[in-house]
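> Below you will find the structure I want to go over with you.
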Amino acid sequence: MSVSRRGFLHLAASPPSLSVLAARGLEAHLAEAQRSGGAGTLVPPGVDEIRISSNENPLGPGKAVLDAIVGKFPEAGRYPFNSTPGEAALTAAIAAKYKVKPENIVLGAGSQELLKNGVRAFTNPSHGLVTASPTFENCTGIAKKLGHPVAEVRVDSALRLDLEPMIAASKGAGLIFFNNPNNPTATVHGATAVADFVSRVRKVSPDTVILIDEAYHDYVTDPSYQSAIPLALETPNVFVTRTFSKAYGMAGMRIGYAIGRTETLKPLATLKMPYNVSVLGIAASISALGDPKHIDAERARNTDVRAFTVKALHDLGCTSSESQGNFLFTDIGRPAKEFREACAKQGVMVGRDFPPLEKTHVRISIGTMEEMRKATEVFRSVLKADTLPAGGRQEEAAWR
Ligand SMILES: Cc1ncc(COP(=O)(O)O)c(C=O)c1O
């Protein structure tokens, strides 16, 4: 079965109907959207929405992947070990891509399952988590929920992971979360710096496990960057996580994976929920892996739109950190919340707060060129209309 891209996207987008809003009330809708953190928050009904809040690929997957998903609908009645292709075929396809054994891969329901299980497996009340601040909060949140110690090391003045204090904090830690590129600051460390970091941590604290999250790998253009996958395969206690949610455009399919030495991954394999990946997700991912040119094209598209958006914001007096992802972290000199709410009124949804920089910086995901042309016009009107709150610049000055 084949489906047109436009038709599929039309079917997939389901804003609340006016009758639902009338029956339940706008307040209820907004409250629910706010509670769930979903898109639609604060956007008035009838206003076209541009969702640049969650670092998704605005185009979704390519046509071959959509066809693979739709083509597997008849197999929805099967378990993923009993479908064709099954779970093992996806593991084999990923293993073939990296020329490793299936035992070097653990699949996850999105990479978040692997992050969560990494914290469960490798931290405890006496061996905590070392992470950055701000960074992707998943590991931090789970360690705190479990009551395990967390050392949050503030990013440096270029908004990059601050490696020296992270190394210093690693002694006796159970797990280090190393996000490269780092969400939300979008910065990377090059291959040499990552290898040096790993070797120094292993000297200071050989039993500490290092999780290198490369969710945004496919968007990086900095030539000094390289994936840490080869490093993870040759070094004990290191693993890399990847996801199909970003450049592959499959956030709704929930497929991620961890890659590393078999003995390092064993606790993740043990904690993995049975049948954690769906039949549709398996078919979609295998199809996507077979089309690397699509990812090259997506990287090129994102690079162009990213450059346009960085410049447009720069022309508005707002500086972004050196972005290597499909999002920017931009100094707007005022609280992200005010900016977010003002933009939402005009239909543009930007990212959530990222403490400790939420008083000055906002995360803006990269949409299509058309979306970013419209969004930057909205940014212009909001930034012009606002008078700079007195606290904004002071906080920024204190930070630098
Ligand atoms: C750095 C990072 N890692 C992991 C994830 C989770 O991705 P998923 O669970 O969709 O694979 C995200 C999502 O935004 C992210 O930004």
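Scheme for the structure tokens: letters A, B, ... for chains in order shown; per-chain residue numbers from 1; ligand numbers from 1 in order shown.
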Extract, using only C-alpha atoms, all DNA, RNA and protein residues at most 7 Å from range 302-317 of chain A, discarding same-chain residues fewer than 3 positions from it, and format them as a list in words.

Glu298, Arg299, Ser320, Asn326, Ile366, Thr368, Met369, Met372, Thr376 and Arg380 of chain A

> Output all heavy atoms of each residue in that selection to a file, as a PDB file, in the first residue's frame.


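Once written, part.pdb looks like this:
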ATOM      1  N   GLU A 298      18.767  15.413   4.567  1.00  0.00           N
ATOM      2  CA  GLU A 298      18.156  16.045   5.746  1.00  0.00           C
ATOM      3  C   GLU A 298      19.195  16.905   6.483  1.00  0.00           C
ATOM      4  O   GLU A 298      18.892  18.004   6.948  1.00  0.00           O
ATOM      5  CB  GLU A 298      17.557  14.962   6.660  1.00  0.00           C
ATOM      6  CG  GLU A 298      17.148  15.399   8.051  1.00  0.00           C
ATOM      7  CD  GLU A 298      16.131  16.540   8.110  1.00  0.00           C
ATOM      8  OE1 GLU A 298      15.517  16.877   7.092  1.00  0.00           O
ATOM      9  OE2 GLU A 298      15.991  17.129   9.203  1.00  0.00           O
ATOM     10  N   ARG A 299      20.432  16.392   6.577  1.00  0.00           N
ATOM     11  CA  ARG A 299      21.488  17.186   7.228  1.00  0.00           C
ATOM     12  C   ARG A 299      21.706  18.494   6.449  1.00  0.00           C
ATOM     13  O   ARG A 299      21.800  19.573   7.034  1.00  0.00           O
ATOM     14  CB  ARG A 299      22.795  16.404   7.300  1.00  0.00           C
ATOM     15  CG  ARG A 299      23.916  17.198   7.995  1.00  0.00           C
ATOM     16  CD  ARG A 299      25.271  16.504   7.928  1.00  0.00           C
ATOM     17  NE  ARG A 299      25.195  15.140   8.376  1.00  0.00           N
ATOM     18  CZ  ARG A 299      25.256  14.070   7.597  1.00  0.00           C
ATOM     19  NH1 ARG A 299      25.448  14.196   6.287  1.00  0.00           N
ATOM     20  NH2 ARG A 299      25.144  12.850   8.075  1.00  0.00           N
ATOM     21  N   SER A 320      23.420  33.069  19.264  1.00  0.00           N
ATOM     22  CA  SER A 320      23.200  31.650  19.548  1.00  0.00           C
ATOM     23  C   SER A 320      24.551  30.992  19.780  1.00  0.00           C
ATOM     24  O   SER A 320      25.560  31.397  19.193  1.00  0.00           O
ATOM     25  CB  SER A 320      22.527  30.963  18.356  1.00  0.00           C
ATOM     26  OG  SER A 320      21.333  31.649  18.012  1.00  0.00           O
ATOM     27  N   ASN A 326      19.697  20.197  15.425  1.00  0.00           N
ATOM     28  CA  ASN A 326      18.550  20.765  14.706  1.00  0.00           C
ATOM     29  C   ASN A 326      17.795  21.723  15.634  1.00  0.00           C
ATOM     30  O   ASN A 326      16.562  21.746  15.654  1.00  0.00           O
ATOM     31  CB  ASN A 326      17.629  19.653  14.189  1.00  0.00           C
ATOM     32  CG  ASN A 326      17.005  18.839  15.310  1.00  0.00           C
ATOM     33  OD1 ASN A 326      17.515  18.811  16.421  1.00  0.00           O
ATOM     34  ND2 ASN A 326      15.899  18.179  15.023  1.00  0.00           N
ATOM     35  N   ILE A 366      14.765  23.757  14.781  1.00  0.00           N
ATOM     36  CA  ILE A 366      14.799  24.183  13.384  1.00  0.00           C
ATOM     37  C   ILE A 366      13.662  23.490  12.623  1.00  0.00           C
ATOM     38  O   ILE A 366      13.642  22.261  12.511  1.00  0.00           O
ATOM     39  CB  ILE A 366      16.162  23.829  12.740  1.00  0.00           C
ATOM     40  CG1 ILE A 366      17.321  24.502  13.509  1.00  0.00           C
ATOM     41  CG2 ILE A 366      16.188  24.198  11.254  1.00  0.00           C
ATOM     42  CD1 ILE A 366      17.311  26.010  13.484  1.00  0.00           C
ATOM     43  N   THR A 368      11.026  23.844   8.969  1.00  0.00           N
ATOM     44  CA  THR A 368      11.307  24.011   7.540  1.00  0.00           C
ATOM     45  C   THR A 368      11.708  25.473   7.292  1.00  0.00           C
ATOM     46  O   THR A 368      11.479  26.341   8.146  1.00  0.00           O
ATOM     47  CB  THR A 368      10.060  23.716   6.696  1.00  0.00           C
ATOM     48  OG1 THR A 368       9.051  24.675   7.062  1.00  0.00           O
ATOM     49  CG2 THR A 368       9.533  22.307   6.931  1.00  0.00           C
ATOM     50  N   MET A 369      12.257  25.742   6.108  1.00  0.00           N
ATOM     51  CA  MET A 369      12.650  27.131   5.797  1.00  0.00           C
ATOM     52  C   MET A 369      11.422  28.042   5.858  1.00  0.00           C
ATOM     53  O   MET A 369      11.480  29.147   6.408  1.00  0.00           O
ATOM     54  CB  MET A 369      13.314  27.183   4.417  1.00  0.00           C
ATOM     55  CG  MET A 369      13.872  28.544   4.058  1.00  0.00           C
ATOM     56  SD  MET A 369      15.226  29.075   5.172  1.00  0.00           S
ATOM     57  CE  MET A 369      16.657  28.583   4.208  1.00  0.00           C
ATOM     58  N   MET A 372      10.600  28.735   9.414  1.00  0.00           N
ATOM     59  CA  MET A 372      11.551  29.602  10.113  1.00  0.00           C
ATOM     60  C   MET A 372      11.477  31.042   9.604  1.00  0.00           C
ATOM     61  O   MET A 372      11.754  31.987  10.354  1.00  0.00           O
ATOM     62  CB  MET A 372      12.981  29.046  10.018  1.00  0.00           C
ATOM     63  CG  MET A 372      13.153  27.676  10.666  1.00  0.00           C
ATOM     64  SD  MET A 372      12.260  27.402  12.229  1.00  0.00           S
ATOM     65  CE  MET A 372      13.251  28.321  13.400  1.00  0.00           C
ATOM     66  N   THR A 376      10.746  33.654  12.447  1.00  0.00           N
ATOM     67  CA  THR A 376      11.666  34.760  12.755  1.00  0.00           C
ATOM     68  C   THR A 376      10.948  36.112  12.641  1.00  0.00           C
ATOM     69  O   THR A 376      11.314  37.072  13.328  1.00  0.00           O
ATOM     70  CB  THR A 376      12.943  34.712  11.876  1.00  0.00           C
ATOM     71  OG1 THR A 376      12.570  34.537  10.511  1.00  0.00           O
ATOM     72  CG2 THR A 376      13.865  33.586  12.297  1.00  0.00           C
ATOM     73  N   ARG A 380      10.803  38.695  15.636  1.00  0.00           N
ATOM     74  CA  ARG A 380      11.084  40.130  15.466  1.00  0.00           C
ATOM     75  C   ARG A 380      10.007  40.960  16.183  1.00  0.00           C
ATOM     76  O   ARG A 380      10.318  41.862  16.945  1.00  0.00           O
ATOM     77  CB  ARG A 380      11.109  40.477  13.967  1.00  0.00           C
ATOM     78  CG  ARG A 380      11.464  41.933  13.661  1.00  0.00           C
ATOM     79  CD  ARG A 380      11.279  42.255  12.166  1.00  0.00           C
ATOM     80  NE  ARG A 380      11.870  41.231  11.304  1.00  0.00           N
ATOM     81  CZ  ARG A 380      13.155  41.143  11.007  1.00  0.00           C
ATOM     82  NH1 ARG A 380      14.000  42.029  11.482  1.00  0.00           N
ATOM     83  NH2 ARG A 380      13.590  40.173  10.228  1.00  0.00           N
TER      84      ARG A 380
END

> Can you pull out every residue with an atom within 7 Å of ligand 1? Use only C-alpha atoms and all ligand atoms and format it as a list of chain:residue names.

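Answer in the requested format: A:Ser54, A:Asn55, A:Ala109, A:Gly110, A:Ser111, A:Gln112, A:Glu113, A:Phe136, A:Asn179, A:Asn182, A:Asn183, A:Asp213, A:Glu214, A:Ala215, A:Tyr216, A:Arg242, A:Thr243, A:Phe244, A:Ser245, A:Ala251, A:Arg254, A:Ile255, A:Gly256.
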
> Looking only at alpha helix (DSSP H) from DSSP on the backbone, list the matching residues of range 179-287 of chain A as number ranges by chain.

A: 191-204, 229-234, 262-271, 279-287

> Put those residues in a file: N, CA and C atoms, as a compact mmCIF listing (two decimals), in the first residue's frame.


# COMPACT_ATOMS: atom_id res chain seq x y z
N ALA A 191 36.39 14.78 18.44
CA ALA A 191 36.74 13.39 18.74
C ALA A 191 37.92 13.29 19.72
N THR A 192 38.91 14.15 19.55
CA THR A 192 40.10 14.06 20.41
C THR A 192 39.74 14.39 21.85
N ALA A 193 38.92 15.43 22.02
CA ALA A 193 38.52 15.82 23.38
C ALA A 193 37.71 14.71 24.04
N VAL A 194 36.85 14.05 23.27
CA VAL A 194 36.01 12.98 23.85
C VAL A 194 36.90 11.79 24.25
N ALA A 195 37.84 11.43 23.36
CA ALA A 195 38.73 10.29 23.67
C ALA A 195 39.58 10.61 24.89
N ASP A 196 40.05 11.83 24.99
CA ASP A 196 40.87 12.24 26.13
C ASP A 196 40.04 12.20 27.42
N PHE A 197 38.79 12.68 27.32
CA PHE A 197 37.88 12.67 28.48
C PHE A 197 37.70 11.23 28.97
N VAL A 198 37.40 10.32 28.04
CA VAL A 198 37.16 8.92 28.41
C VAL A 198 38.40 8.34 29.07
N SER A 199 39.58 8.59 28.49
CA SER A 199 40.77 7.96 29.05
C SER A 199 41.10 8.54 30.43
N ARG A 200 40.85 9.83 30.63
CA ARG A 200 41.13 10.41 31.95
C ARG A 200 40.12 9.94 33.00
N VAL A 201 38.87 9.82 32.62
CA VAL A 201 37.87 9.30 33.58
C VAL A 201 38.26 7.88 33.96
N ARG A 202 38.69 7.10 32.99
CA ARG A 202 39.02 5.70 33.28
C ARG A 202 40.23 5.59 34.21
N LYS A 203 41.10 6.59 34.16
CA LYS A 203 42.24 6.59 35.09
C LYS A 203 41.77 6.96 36.51
N VAL A 204 40.92 8.01 36.56
CA VAL A 204 40.46 8.51 37.87
C VAL A 204 39.47 7.53 38.51
N ILE A 229 31.30 5.79 18.69
CA ILE A 229 30.98 4.36 18.62
C ILE A 229 32.25 3.49 18.56
N PRO A 230 33.24 3.81 17.70
CA PRO A 230 34.45 2.97 17.71
C PRO A 230 35.13 2.96 19.08
N LEU A 231 35.14 4.10 19.75
CA LEU A 231 35.74 4.20 21.09
C LEU A 231 35.00 3.28 22.07
N ALA A 232 33.67 3.30 22.00
CA ALA A 232 32.86 2.47 22.90
C ALA A 232 33.12 0.98 22.65
N LEU A 233 33.35 0.64 21.39
CA LEU A 233 33.55 -0.79 21.08
C LEU A 233 34.91 -1.29 21.56
N GLU A 234 35.87 -0.35 21.70
CA GLU A 234 37.19 -0.82 22.15
C GLU A 234 37.47 -0.54 23.62
N THR A 262 29.72 -6.01 24.64
CA THR A 262 28.63 -6.85 25.15
C THR A 262 28.54 -6.81 26.67
N GLU A 263 29.72 -6.88 27.34
CA GLU A 263 29.68 -6.95 28.81
C GLU A 263 29.21 -5.62 29.40
N THR A 264 29.48 -4.51 28.69
CA THR A 264 29.01 -3.20 29.18
C THR A 264 27.49 -3.12 29.05
N LEU A 265 26.96 -3.66 27.95
CA LEU A 265 25.53 -3.53 27.67
C LEU A 265 24.66 -4.55 28.40
N LYS A 266 25.30 -5.55 29.01
CA LYS A 266 24.52 -6.66 29.60
C LYS A 266 23.43 -6.17 30.56
N PRO A 267 23.73 -5.24 31.48
CA PRO A 267 22.65 -4.79 32.38
C PRO A 267 21.50 -4.12 31.63
N LEU A 268 21.80 -3.45 30.51
CA LEU A 268 20.72 -2.82 29.73
C LEU A 268 19.86 -3.88 29.07
N ALA A 269 20.52 -4.94 28.57
CA ALA A 269 19.78 -6.04 27.94
C ALA A 269 18.89 -6.72 28.98
N THR A 270 19.39 -6.84 30.22
CA THR A 270 18.62 -7.50 31.28
C THR A 270 17.39 -6.68 31.65
N LEU A 271 17.55 -5.34 31.70
CA LEU A 271 16.44 -4.48 32.13
C LEU A 271 15.44 -4.19 31.01
N VAL A 279 6.19 -3.55 15.75
CA VAL A 279 6.32 -4.10 14.40
C VAL A 279 6.46 -2.97 13.37
N LEU A 280 5.69 -1.90 13.55
CA LEU A 280 5.76 -0.78 12.59
C LEU A 280 7.10 -0.06 12.71
N GLY A 281 7.57 0.10 13.94
CA GLY A 281 8.86 0.77 14.16
C GLY A 281 10.02 -0.01 13.57
N ILE A 282 9.95 -1.32 13.69
CA ILE A 282 11.01 -2.17 13.14
C ILE A 282 11.08 -2.00 11.62
N ALA A 283 9.92 -2.09 10.98
CA ALA A 283 9.88 -1.97 9.51
C ALA A 283 10.37 -0.59 9.08
N ALA A 284 9.94 0.43 9.82
CA ALA A 284 10.33 1.81 9.49
C ALA A 284 11.85 1.98 9.61
N SER A 285 12.42 1.47 10.69
CA SER A 285 13.86 1.67 10.94
C SER A 285 14.70 0.92 9.92
N ILE A 286 14.29 -0.30 9.59
CA ILE A 286 15.08 -1.06 8.59
C ILE A 286 15.03 -0.33 7.26
N SER A 287 13.86 0.17 6.91
CA SER A 287 13.75 0.90 5.65
C SER A 287 14.63 2.16 5.69

> One decimal, in Å: what's the spacing between CA of Gly86 in chain A and CA of Asn104 in chain A?

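Distance between the two atoms: 17.8 Å.
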
> Can you pull out the residues contacting Pro74 in chain A? Cut-off 12 Å, using only C-alpha atoms, and skip same-chain residues under 5 positions away; I want them as a list in words.

Met1, Ala68, Ile69, Ser83, Thr84, Val279 and Leu280 of chain A

> Using DSSP secondary structure from the backbone, list all strand (DSSP E or B) positions within range 199-308 of chain A, as a PDB file with N, CA, C and O atoms, in the first residue's frame.


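Ended up saving to states28.pdb:
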ATOM      1  N   VAL A 209      30.786   4.066  34.525  1.00  0.00           N
ATOM      2  CA  VAL A 209      30.315   3.839  33.151  1.00  0.00           C
ATOM      3  C   VAL A 209      30.053   5.197  32.492  1.00  0.00           C
ATOM      4  O   VAL A 209      29.537   6.118  33.133  1.00  0.00           O
ATOM      5  N   ILE A 210      30.442   5.321  31.231  1.00  0.00           N
ATOM      6  CA  ILE A 210      30.248   6.585  30.503  1.00  0.00           C
ATOM      7  C   ILE A 210      29.231   6.351  29.385  1.00  0.00           C
ATOM      8  O   ILE A 210      29.449   5.523  28.494  1.00  0.00           O
ATOM      9  N   LEU A 211      28.127   7.092  29.462  1.00  0.00           N
ATOM     10  CA  LEU A 211      27.065   7.010  28.447  1.00  0.00           C
ATOM     11  C   LEU A 211      27.222   8.227  27.526  1.00  0.00           C
ATOM     12  O   LEU A 211      27.054   9.362  27.984  1.00  0.00           O
ATOM     13  N   ILE A 212      27.543   7.988  26.276  1.00  0.00           N
ATOM     14  CA  ILE A 212      27.685   9.096  25.328  1.00  0.00           C
ATOM     15  C   ILE A 212      26.436   9.103  24.443  1.00  0.00           C
ATOM     16  O   ILE A 212      26.217   8.190  23.637  1.00  0.00           O
ATOM     17  N   ASP A 213      25.608  10.128  24.647  1.00  0.00           N
ATOM     18  CA  ASP A 213      24.322  10.213  23.944  1.00  0.00           C
ATOM     19  C   ASP A 213      24.521  11.020  22.664  1.00  0.00           C
ATOM     20  O   ASP A 213      24.801  12.221  22.703  1.00  0.00           O
ATOM     21  N   VAL A 238      32.024   1.915  28.419  1.00  0.00           N
ATOM     22  CA  VAL A 238      31.569   3.065  27.615  1.00  0.00           C
ATOM     23  C   VAL A 238      30.498   2.557  26.658  1.00  0.00           C
ATOM     24  O   VAL A 238      30.669   1.488  26.055  1.00  0.00           O
ATOM     25  N   PHE A 239      29.388   3.264  26.541  1.00  0.00           N
ATOM     26  CA  PHE A 239      28.439   2.932  25.471  1.00  0.00           C
ATOM     27  C   PHE A 239      27.835   4.203  24.889  1.00  0.00           C
ATOM     28  O   PHE A 239      27.845   5.265  25.519  1.00  0.00           O
ATOM     29  N   VAL A 240      27.355   4.062  23.649  1.00  0.00           N
ATOM     30  CA  VAL A 240      26.769   5.191  22.919  1.00  0.00           C
ATOM     31  C   VAL A 240      25.290   4.890  22.711  1.00  0.00           C
ATOM     32  O   VAL A 240      24.922   3.744  22.457  1.00  0.00           O
ATOM     33  N   THR A 241      24.452   5.936  22.827  1.00  0.00           N
ATOM     34  CA  THR A 241      23.045   5.758  22.447  1.00  0.00           C
ATOM     35  C   THR A 241      22.749   6.597  21.206  1.00  0.00           C
ATOM     36  O   THR A 241      23.296   7.692  21.018  1.00  0.00           O
ATOM     37  N   ARG A 242      21.884   6.047  20.378  1.00  0.00           N
ATOM     38  CA  ARG A 242      21.413   6.706  19.153  1.00  0.00           C
ATOM     39  C   ARG A 242      19.889   6.566  19.078  1.00  0.00           C
ATOM     40  O   ARG A 242      19.313   5.702  19.726  1.00  0.00           O
ATOM     41  N   THR A 243      19.285   7.372  18.229  1.00  0.00           N
ATOM     42  CA  THR A 243      17.831   7.339  18.112  1.00  0.00           C
ATOM     43  C   THR A 243      17.392   7.551  16.665  1.00  0.00           C
ATOM     44  O   THR A 243      18.100   8.205  15.882  1.00  0.00           O
ATOM     45  N   GLY A 256      15.203   3.455  19.539  1.00  0.00           N
ATOM     46  CA  GLY A 256      16.580   3.883  19.790  1.00  0.00           C
ATOM     47  C   GLY A 256      17.429   2.652  20.014  1.00  0.00           C
ATOM     48  O   GLY A 256      16.917   1.529  20.050  1.00  0.00           O
ATOM     49  N   TYR A 257      18.722   2.865  20.156  1.00  0.00           N
ATOM     50  CA  TYR A 257      19.582   1.715  20.463  1.00  0.00           C
ATOM     51  C   TYR A 257      20.831   2.163  21.191  1.00  0.00           C
ATOM     52  O   TYR A 257      21.249   3.322  21.114  1.00  0.00           O
ATOM     53  N   ALA A 258      21.383   1.196  21.949  1.00  0.00           N
ATOM     54  CA  ALA A 258      22.675   1.395  22.596  1.00  0.00           C
ATOM     55  C   ALA A 258      23.665   0.512  21.876  1.00  0.00           C
ATOM     56  O   ALA A 258      23.311  -0.583  21.399  1.00  0.00           O
ATOM     57  N   ILE A 259      24.915   0.988  21.796  1.00  0.00           N
ATOM     58  CA  ILE A 259      25.955   0.209  21.124  1.00  0.00           C
ATOM     59  C   ILE A 259      27.228   0.287  21.964  1.00  0.00           C
ATOM     60  O   ILE A 259      27.583   1.355  22.463  1.00  0.00           O
ATOM     61  N   GLY A 260      27.848  -0.851  22.145  1.00  0.00           N
ATOM     62  CA  GLY A 260      29.067  -0.904  22.962  1.00  0.00           C
ATOM     63  C   GLY A 260      29.505  -2.349  23.120  1.00  0.00           C
ATOM     64  O   GLY A 260      29.017  -3.244  22.412  1.00  0.00           O
TER      65      GLY A 260
END

> Can you tell me how far CA of Leu146 in chain A sits from CA of Pro356 in chain A, in Å to one decimal?

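Answer for the CA of Leu146 in chain A to CA of Pro356 in chain A separation: 22.4 Å.
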
> Kindly indicate which residue among A:Ala186, A:Cys343, A:Ala88, A:Val130 lies nearest to Met166 in chain A, using only C-alpha atoms for the distances.

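Result for the nearest residue to Met166 in chain A: A:Val130.
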
> When you count only C-alpha atoms, which of these residues is closest to Arg160 in chain A: A:Arg340, A:His189, A:Lys374, A:Lys272?

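The closest residue to Arg160 in chain A is A:His189.
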
> For a quick check of understanding, using only C-alpha atoms, which of A:Cys318, A:Thr360, A:Glu370, A:Gly249 has the smallest distance to Pro61 in chain A?

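Counting only C-alpha atoms, the residue closest to Pro61 in chain A is A:Gly249.
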
> At what distance in Å, to one decimal, does CA of Ala342 in chain A lie from CA of Thr185 in chain A?

22.1 Å
